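Colleague: Input: one structure, supplied below.
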Amino acid sequence: MTWDPWRQAFLTAGAVVVGFDPSTRTWVTDADRSQGMVDLPQLKGKVVTDPASRGQAADDFGHLVHRTPGAVLEPSAVSDILQMMKYCRTHGLQVAARGQGHATFGQGQVEGGLVIDMTPLNAVEVREDTAVVEAGALWSSLAQATLAHGLTPAVFTDYLELSVGGTLSVGGVGGQTHHYGAQVDSVVELEVVTGDASLRRCSAGLRPDLFRAVLAGRGQCGIVTKATVRLLPAPARVRHYLLSYPSVAALTADQRLVVNDGRFAYVEGELGLPTGSAGWSYQLEAVAFFNGTTPPDDARLLAGLGDQLGDRQIQDMSYFDFLNRLAVGVASLKSTGEWYRPHPWWNMFLPASRTDAFVDAAIKDLTETEVGASGVVLLYPFPRARLGLPLLRMPDEETVFLFTLLRTASQGAESPQDMVEANRSLYLRAQAVGGYQYPVGSIPATPQEWRTHYGPEWAAFEAAHERYDPGGILTPGQGVFPPGP
């Protein structure tokens with residue numbers, strides 16, 4: 001790994017962990033060895049306790065919850081994770097994996113235990129129609145590696161700088177989901193370190209109970225170390241359409257139409273509250289793929305749509321430029337500091353029949369104070385049948401919308417705590433109309449609510465948890481199962 005000088009100074013000052021003292025429940029560094037210390041196993045990487053590493057692991061993109069681990073594992077091989085899982089299980093220490101830390105409510109944090117920094121494990125191997133990718137690799141890296149072979153994963157989240165292991169642990173939904181399901185639906189096989197300190201392969205045919213419990217399973221049964229994902233032929237170019245509408249109902253009517261007939265390769269809705277505007281804007285972002293010099297047929301693709309004709313924006317770009325289109329905006333947010341402010345995000349799957357009324361009511365009185373200067377609403381429509389994994393829970397309707405309210409606690413906006421309380425209120429209202437959490441947001445939920453959330457899948461999920469994490473040490477920040485003794 002690359003070390004900054006300040007962090008390296010802590011390491012040379014004695015922050016490398018050499019053992020754990022069960023009597024004091026403390027990690028022991030090479031500077032303060034104790035007689036009661038139990039030595040760490042022989043590792044290729046290292047376990048550290050320097051303030052920089054622990055501070056980073058105690059934070060995430062939400063900047064709302066802060067649980068400080070006792071130590072951070074920086075593995076050089078999967079064997080390091082396996083050995084430290086065994087060590088932590090023996091000593092009753094909780095464990096969580098961290099990729100890019102893009103959670104918003106402390107889901108990947110551990111108080112006093114061990115956080116595993118997955119970023120060193122980032123290898124990508126492209127095969128004939130699959131890629132074998134380590135969990136710490138970014139989707140941007142996977143895209144670039146596969147495009148070099150004329151191939152691409154089927155589904156991307158809008159922001160590419162997320163880890164493969166991170167999105168597979170929650171589901172991974174994007175604008176291509178109406179064709180191919182979530183990212184977890186393209187997984188062929190997993191390599192997992194389970195909470196009982198075993199390294200296991202699993203697939204739909206091999207240990208299917210573990211496979212179903214890990215994909216979108218929020219790290220409750222095991223830590224994904226490697227995934228084999230299906231690939232498709234990659235297009236060279238995309239035609240990008242941005243269409244405007246006068247209302248939520250007009251936007252979602254066209255979204256339903258185009259996801260059901262499949263005319264576009266990518267479909268997403270965006271609601272914005274421009275600075276100084278008297279109201280919301282409603283836009284449909286859609287894409288058609290093409291190769292060579294013959295562009296898509298605009299007349300066919302736009303036929304029957306009810307958008308405002310004078311506001312249509314159409315442009316062509318390379319496939320990767322489309323995938324990476326948020327990069328410029330993210331760089332701008334980082335330059336102003338907005339990227340580093342708290343992000344109390346809210347995400348729910350809604351039944352299509354209730355979406356228009358729910359969204360209208362949810363945004364009716366929202367102002368920039370409640371959503372922040374860079375806040376935005378996104379609407380992803382897709383047929384329910386496209387998603388096949390049991391733990392990605394959603395309404396039992398033919399068409400479903402993912403409604404995301406991406407709040408930012410900008411300067412002058414409401415406090416992050418007030419935004420979280422507002423999220424909780426919206427969550428209860430969405431639950432009452434048949435909505436389900438997409439569990440990446442900042443929504444406090446009780447253990448009983450998680451049991452209700454998983455409904456008929458709870459018994460199988462609980463059984464898998466008891467089998468593969470019998471000590472209850474994995475990913476306590478998710479709050480799904482009570483931690484072990």
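Starting from 1 in every chain, residues are counted up; chains themselves are A, B, ... following the order of the structure tokens, and ligands are numbered from 1 as listed.
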Give me the residues near Thr475 of chain A as a PyMOL selection string, where near means some atom within 6 Å (using only C-alpha atoms) and where sequence neighbours in that chain fewer than 6 positions away do not count.

Modeller: chain A and resi 95-96+219

Colleague: With only C-alpha atoms as the counted atoms, please give the residues lying no more than 10 Å from Ser53 of chain A, apart from itself and same-chain residues fewer than 3 positions off, as a PDB file with C-alpha atoms, in the first residue's frame.

Modeller:
ATOM      1  CA  ARG A   7       0.394   7.802   8.892  1.00  0.00           C
ATOM      2  CA  PHE A  10       2.430   6.467  13.635  1.00  0.00           C
ATOM      3  CA  VAL A  48      -2.659  -1.324  12.956  1.00  0.00           C
ATOM      4  CA  THR A  49      -4.023   0.986  15.636  1.00  0.00           C
ATOM      5  CA  ASP A  50      -2.721   4.360  14.454  1.00  0.00           C
ATOM      6  CA  GLN A  56     -11.064   6.630   8.941  1.00  0.00           C
ATOM      7  CA  ALA A  57     -12.719   3.331   9.899  1.00  0.00           C
ATOM      8  CA  ALA A  58     -14.888   5.180  12.434  1.00  0.00           C
ATOM      9  CA  THR A  68     -14.139   3.549  16.617  1.00  0.00           C
ATOM     10  CA  PRO A  69     -12.616   0.106  16.097  1.00  0.00           C
ATOM     11  CA  ALA A  71      -7.729  -1.991  15.213  1.00  0.00           C
ATOM     12  CA  VAL A  72      -7.699  -2.152  11.406  1.00  0.00           C
ATOM     13  CA  LEU A  73      -6.503  -5.090   9.330  1.00  0.00           C
ATOM     14  CA  GLU A  74      -4.674  -4.188   6.135  1.00  0.00           C
ATOM     15  CA  VAL A 115     -12.368  -3.367  10.667  1.00  0.00           C
ATOM     16  CA  ASP A 117      -9.722  -2.585   4.935  1.00  0.00           C
TER      17      ASP A 117
END

Colleague: With a distance cut-off of 10 Å and only C-alpha atoms, select the neighbouring residues of Phe320 of chain A, excluding the residue or stretch itself and same-chain residues fewer than 2 positions from it, and output the selection as a PDB file with C-alpha atoms, in the first residue's frame.

Modeller:
ATOM      1  CA  SER A 140     -14.581   1.839 -12.397  1.00  0.00           C
ATOM      2  CA  ALA A 143     -15.264  -1.442 -16.231  1.00  0.00           C
ATOM      3  CA  GLN A 144     -11.898  -0.388 -17.638  1.00  0.00           C
ATOM      4  CA  LEU A 147     -13.784  -2.822 -21.814  1.00  0.00           C
ATOM      5  CA  THR A 152     -18.898  -5.019 -19.692  1.00  0.00           C
ATOM      6  CA  ALA A 234     -19.881  -3.753 -24.565  1.00  0.00           C
ATOM      7  CA  PRO A 235     -21.252  -1.059 -26.867  1.00  0.00           C
ATOM      8  CA  ALA A 236     -18.865   1.492 -28.304  1.00  0.00           C
ATOM      9  CA  ARG A 237     -21.188   4.506 -28.103  1.00  0.00           C
ATOM     10  CA  VAL A 238     -24.343   5.696 -26.397  1.00  0.00           C
ATOM     11  CA  MET A 317     -20.700   9.934 -26.138  1.00  0.00           C
ATOM     12  CA  SER A 318     -18.466   6.937 -25.576  1.00  0.00           C
ATOM     13  CA  PHE A 322     -21.455   7.692 -20.032  1.00  0.00           C
ATOM     14  CA  LEU A 323     -20.684   5.280 -17.208  1.00  0.00           C
ATOM     15  CA  ASN A 324     -18.293   7.795 -15.655  1.00  0.00           C
ATOM     16  CA  ARG A 325     -20.464  10.868 -16.255  1.00  0.00           C
TER      17      ARG A 325
END

Colleague: Find the spatial neighbours of Gly172 of chain A, counting only C-alpha atoms, within a cut-off of 7 Å - ignore same-chain residues fewer than 6 positions away - and output them as a PyMOL selection string.

Modeller: chain A and resi 157+182-184

Colleague: Keeping only C-alpha atoms, write the selected residues to a file as a PDB file, in the first residue's frame.

Modeller:
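Listing of part-v4.pdb after writing:
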ATOM      1  CA  THR A 157     -24.562   2.090 -10.006  1.00  0.00           C
ATOM      2  CA  ALA A 182     -29.513  -5.819  -9.645  1.00  0.00           C
ATOM      3  CA  GLN A 183     -25.754  -6.303  -9.643  1.00  0.00           C
ATOM      4  CA  VAL A 184     -26.201  -9.336  -7.405  1.00  0.00           C
TER       5      VAL A 184
END

Colleague: Compare A:Ala460, A:Val248, A:Val155, A:Ala413 by their minimum atom-to-atom distance to Asp360 of chain A, counting only C-alpha atoms, and give me the closest one.

Modeller: A:Val248

Colleague: Can you work out which one of A:Arg300, A:Arg127, A:Lys226, A:Arg407 has the shortest atom-to-atom distance to Arg201 of chain A, counting only C-alpha atoms?

Modeller: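 Looking at the shortest contact to Arg201 of chain A, the residue is A:Lys226.
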
Colleague: Go ahead and compute the interatomic distance for atom CA of Glu285 of chain A and atom CA of Arg239 of chain A, in Å to one decimal.

Modeller: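 Atom-to-atom, atom CA of Glu285 of chain A to atom CA of Arg239 of chain A, that is 10.8 Å.
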
Colleague: Have a look at A:Ser79, A:Ser34, A:Thr399, A:Gln94 and name the one nearest to Asn260 of chain A; count only C-alpha atoms.

Modeller: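 Looking at the shortest contact to Asn260 of chain A, the residue is A:Thr399.
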
Colleague: Measuring between only C-alpha atoms, which one of A:Leu242, A:Ala385, A:Ala213, A:Val17 shows the shortest distance to Leu309 of chain A?

Modeller: A:Leu242

Colleague: Provide the atom CA of Glu270 of chain A to atom CA of Leu243 of chain A distance in Å, to one decimal place.

Modeller: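 Straight-line distance from atom CA of Glu270 of chain A to atom CA of Leu243 of chain A works out to 10.2 Å.
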